[in-house]
Amino acid sequence: MPLPLIYHDDYSPPFPVAHRFPMEKFRLLRDHLIDSGLTEERALLRPSSCPAEVLALAHDPAYIRRFLDGALGHEEQRRLGLPWSEALARRTVRAVGGSLLAAEQALRNGLACHLAGGTHHAHYDHPAGFCIFNDLAVVSRYLLHSGQADRVLIVDCDVHQGDGTARILADTPEAITLSLHCEKNFPARKAQSDWDIPLPMGMGDDDYLRVLEDALNYLLPLYRPDIVLYDAGVDVHQHDALGYLKLTDQGLARRDETVMRQCLGRDIPVVGLIGGGYDPDRQALARRHGILHHSAQRVWQDLGL
């Protein structure tokens, strides 16, 4: 069977062209994966919207209603940084549903990748940093609550600390949070993950990979999770507009394959989520995000999954 890839046309709603957040990147990523021959339109798995009661496993019901009704306060809107619309609301709950579907596919098949996800700045009762609902926290709580997993490990390799995830899951010991992030970057006030690894500005491929491999070699045997949620943010790239690390395309591919092979080599299912990435050249950004899916395809074929 083909590598499970999850996508929906709702992911790139109409959006201000000059906005800093590259909303069209999800559609462009889909186009890139099809044009490069990795997949076909008909092979992409289409998620349902995440039910409100599942969102409420990790978010304040009043906040969920406020966002879906377009009733965020001025300060909440400022923290979010995205203009509200019905299409954005529809996209948001659909994308969390996509991460849920990706996790279930990974549990069933060993590996799956979403063409969205990784919204790790969203907090229990407010948005932040372009993130509305925290799919990493929602999926973790859902898998634990439904009995599909007894222990979840989040491996967050976005360049920014996963502060929302850390705070939401602080009282959930069965969901372990690991954040490898640039030490001097957003958010200014860091949360406390279970495992934080702040990295110096300008770190390149080889040093980054050594840190990552050491962390995985220690934490995977220590916790023996039932699934790994992998936030494969590409804002660690040397050309990212908001990053400050210096990974190359080859470094991203090595990073992604390292995470997947380390997990699957221990019979731990892994789901890939694209996380952050910012570049005025949206086509280049889509190709950068696609490194995750091409890396996953190589691992999928090599392991005969």
# chains A, B, ... in the order shown; residues from 1 in each chain; ligands from 1
call {"tool": "closest_atom_pairs", "arguments": {"of": "range 89-208 of chain A", "to": "range 242-265 of chain A", "cutoff": "7 Å", "atoms": "only C-alpha atoms", "output": "Markdown table"}}
result
| residue | atom | partner | partner_atom | distance |
| --- | --- | --- | --- | --- |
| A:Val159 | CA | A:Gly243 | CA | 6.0 |
| A:Cys182 | CA | A:Leu245 | CA | 6.9 |
| A:Met201 | CA | A:Tyr244 | CA | 5.4 |
| A:Gly202 | CA | A:Leu245 | CA | 4.5 |
| A:Met203 | CA | A:Leu245 | CA | 5.2 |
| A:Gly204 | CA | A:Lys246 | CA | 4.7 |
| A:Asp205 | CA | A:Gly251 | CA | 5.0 |
call {"tool": "write_last_selection", "arguments": {"atoms": "N, CA, C and O atoms", "output": "compact mmCIF listing (two decimals), in the first residue's frame"}}
result
# COMPACT_ATOMS: atom_id res chain seq x y z
N VAL A 159 11.74 25.29 14.92
CA VAL A 159 12.79 26.16 15.46
C VAL A 159 12.33 26.92 16.70
O VAL A 159 13.15 27.38 17.49
N CYS A 182 15.68 26.86 18.76
CA CYS A 182 16.70 27.90 18.86
C CYS A 182 16.48 28.66 20.18
O CYS A 182 15.37 29.09 20.48
N MET A 201 22.17 29.92 18.15
CA MET A 201 21.92 30.49 16.83
C MET A 201 23.05 30.09 15.87
O MET A 201 24.21 30.01 16.26
N GLY A 202 22.66 29.78 14.63
CA GLY A 202 23.64 29.45 13.61
C GLY A 202 24.05 28.00 13.56
O GLY A 202 24.89 27.63 12.72
N MET A 203 23.47 27.13 14.39
CA MET A 203 23.84 25.72 14.37
C MET A 203 23.51 25.09 13.02
O MET A 203 22.44 25.30 12.46
N GLY A 204 24.45 24.28 12.50
CA GLY A 204 24.28 23.66 11.20
C GLY A 204 23.96 22.18 11.29
O GLY A 204 23.70 21.63 12.37
N ASP A 205 24.03 21.51 10.14
CA ASP A 205 23.54 20.14 9.99
C ASP A 205 24.18 19.16 10.97
O ASP A 205 23.47 18.45 11.71
call {"tool": "select_by_dssp", "arguments": {"residues": "range 188-299 of chain A", "states": "helix (DSSP H, G or I)", "output": "ChimeraX atom specification"}}
result
/A:205-223,249-264,282-299
call {"tool": "residues_around", "arguments": {"residues": "His114 in chain A", "least_positions_apart": "3", "cutoff": "6 Å", "atoms": "only C-alpha atoms", "output": "MDAnalysis selection string"}}
result
chainID A and resid 5:6 102 273
call {"tool": "write_last_selection", "arguments": {"atoms": "N, CA and C atoms", "output": "PDB file, in the first residue's frame"}}
result
ATOM      1  N   LEU A   5      -0.862   9.602   3.298  1.00  0.00           N
ATOM      2  CA  LEU A   5      -0.705  11.056   3.291  1.00  0.00           C
ATOM      3  C   LEU A   5      -2.079  11.689   3.455  1.00  0.00           C
ATOM      4  N   ILE A   6      -2.185  12.668   4.332  1.00  0.00           N
ATOM      5  CA  ILE A   6      -3.476  13.251   4.697  1.00  0.00           C
ATOM      6  C   ILE A   6      -3.516  14.708   4.272  1.00  0.00           C
ATOM      7  N   ALA A 102      -4.053  11.160  10.719  1.00  0.00           N
ATOM      8  CA  ALA A 102      -2.665  10.766  10.492  1.00  0.00           C
ATOM      9  C   ALA A 102      -2.158   9.885  11.630  1.00  0.00           C
ATOM     10  N   LEU A 273       4.244  15.722  11.025  1.00  0.00           N
ATOM     11  CA  LEU A 273       3.452  16.946  10.888  1.00  0.00           C
ATOM     12  C   LEU A 273       4.392  18.040  10.410  1.00  0.00           C
TER      13      LEU A 273
END
call {"tool": "closest_residue", "arguments": {"among": "A:His120, A:Leu219, A:Val228, A:Pro16", "to": "Ala191 in chain A", "atoms": "only C-alpha atoms"}}
result
A:His120
call {"tool": "atom_distance", "arguments": {"atom1": "CA of Ile291 in chain A", "atom2": "CA of Asp9 in chain A"}}
result
20.7 Å
call {"tool": "decode", "arguments": {"residues": "range 56-85 of chain A", "atoms": "N, CA, C and O atoms", "output": "compact mmCIF listing (two decimals), in the first residue's frame"}}
result
# COMPACT_ATOMS: atom_id res chain seq x y z
N ALA A 56 -12.08 19.75 23.00
CA ALA A 56 -12.20 20.10 24.42
C ALA A 56 -11.37 19.21 25.33
O ALA A 56 -11.25 19.49 26.53
N LEU A 57 -10.76 18.15 24.79
CA LEU A 57 -9.83 17.37 25.59
C LEU A 57 -8.57 18.17 25.92
O LEU A 57 -7.86 17.87 26.88
N ALA A 58 -8.30 19.21 25.10
CA ALA A 58 -7.09 20.01 25.31
C ALA A 58 -7.35 21.52 25.35
O ALA A 58 -6.42 22.28 25.61
N HIS A 59 -8.61 21.92 25.10
CA HIS A 59 -8.91 23.36 25.04
C HIS A 59 -10.18 23.70 25.81
O HIS A 59 -11.10 22.88 25.93
N ASP A 60 -10.20 24.92 26.31
CA ASP A 60 -11.34 25.47 27.03
C ASP A 60 -12.56 25.53 26.10
O ASP A 60 -12.48 26.17 25.04
N PRO A 61 -13.68 24.90 26.46
CA PRO A 61 -14.86 24.95 25.59
C PRO A 61 -15.31 26.36 25.27
O PRO A 61 -15.78 26.64 24.16
N ALA A 62 -15.17 27.28 26.22
CA ALA A 62 -15.56 28.67 25.97
C ALA A 62 -14.66 29.30 24.90
O ALA A 62 -15.13 30.07 24.05
N TYR A 63 -13.39 28.98 24.94
CA TYR A 63 -12.47 29.48 23.91
C TYR A 63 -12.80 28.87 22.55
O TYR A 63 -12.80 29.57 21.52
N ILE A 64 -13.09 27.57 22.51
CA ILE A 64 -13.47 26.93 21.25
C ILE A 64 -14.67 27.64 20.63
O ILE A 64 -14.67 27.99 19.45
N ARG A 65 -15.70 27.89 21.43
CA ARG A 65 -16.90 28.57 20.93
C ARG A 65 -16.59 29.98 20.46
O ARG A 65 -17.09 30.43 19.42
N ARG A 66 -15.75 30.68 21.24
CA ARG A 66 -15.42 32.06 20.91
C ARG A 66 -14.73 32.13 19.55
O ARG A 66 -15.04 32.99 18.72
N PHE A 67 -13.81 31.22 19.31
CA PHE A 67 -13.12 31.25 18.02
C PHE A 67 -14.06 30.87 16.89
O PHE A 67 -14.12 31.55 15.86
N LEU A 68 -14.80 29.78 17.04
CA LEU A 68 -15.66 29.31 15.95
C LEU A 68 -16.75 30.33 15.62
O LEU A 68 -17.20 30.41 14.47
N ASP A 69 -17.16 31.11 16.62
CA ASP A 69 -18.18 32.15 16.39
C ASP A 69 -17.60 33.46 15.90
O ASP A 69 -18.34 34.43 15.68
N GLY A 70 -16.29 33.54 15.75
CA GLY A 70 -15.66 34.79 15.32
C GLY A 70 -15.72 35.87 16.38
O GLY A 70 -15.80 37.06 16.05
N ALA A 71 -15.66 35.47 17.65
CA ALA A 71 -15.84 36.41 18.75
C ALA A 71 -14.57 36.57 19.61
O ALA A 71 -14.66 36.88 20.80
N LEU A 72 -13.40 36.36 19.01
CA LEU A 72 -12.17 36.58 19.76
C LEU A 72 -12.04 38.05 20.15
O LEU A 72 -12.40 38.95 19.38
N GLY A 73 -11.50 38.28 21.35
CA GLY A 73 -11.24 39.65 21.77
C GLY A 73 -10.05 40.24 21.04
O GLY A 73 -9.30 39.54 20.35
N HIS A 74 -9.87 41.55 21.21
CA HIS A 74 -8.79 42.25 20.50
C HIS A 74 -7.43 41.67 20.84
O HIS A 74 -6.60 41.45 19.95
N GLU A 75 -7.17 41.40 22.12
CA GLU A 75 -5.88 40.88 22.54
C GLU A 75 -5.66 39.46 21.99
O GLU A 75 -4.55 39.10 21.57
N GLU A 76 -6.72 38.65 21.99
CA GLU A 76 -6.61 37.31 21.42
C GLU A 76 -6.29 37.38 19.92
O GLU A 76 -5.47 36.62 19.42
N GLN A 77 -6.95 38.30 19.23
CA GLN A 77 -6.72 38.44 17.80
C GLN A 77 -5.28 38.90 17.53
O GLN A 77 -4.63 38.43 16.58
N ARG A 78 -4.78 39.79 18.38
CA ARG A 78 -3.40 40.25 18.23
C ARG A 78 -2.41 39.10 18.45
O ARG A 78 -1.45 38.94 17.70
N ARG A 79 -2.65 38.30 19.48
CA ARG A 79 -1.77 37.16 19.75
C ARG A 79 -1.80 36.15 18.61
O ARG A 79 -0.78 35.54 18.29
N LEU A 80 -2.95 35.95 18.01
CA LEU A 80 -3.08 34.98 16.93
C LEU A 80 -2.33 35.44 15.69
O LEU A 80 -1.56 34.68 15.09
N GLY A 81 -2.58 36.68 15.26
CA GLY A 81 -1.90 37.20 14.09
C GLY A 81 -2.50 36.79 12.77
O GLY A 81 -1.88 37.00 11.72
N LEU A 82 -3.70 36.20 12.78
CA LEU A 82 -4.39 35.80 11.55
C LEU A 82 -5.77 36.46 11.51
O LEU A 82 -6.45 36.52 12.54
N PRO A 83 -6.22 36.94 10.36
CA PRO A 83 -7.56 37.52 10.25
C PRO A 83 -8.63 36.42 10.26
O PRO A 83 -8.56 35.47 9.48
N TRP A 84 -9.61 36.56 11.15
CA TRP A 84 -10.64 35.52 11.28
C TRP A 84 -11.56 35.53 10.06
O TRP A 84 -11.89 36.56 9.49
N SER A 85 -12.00 34.34 9.68
CA SER A 85 -13.04 34.17 8.66
C SER A 85 -13.70 32.82 8.89
O SER A 85 -13.14 31.95 9.57
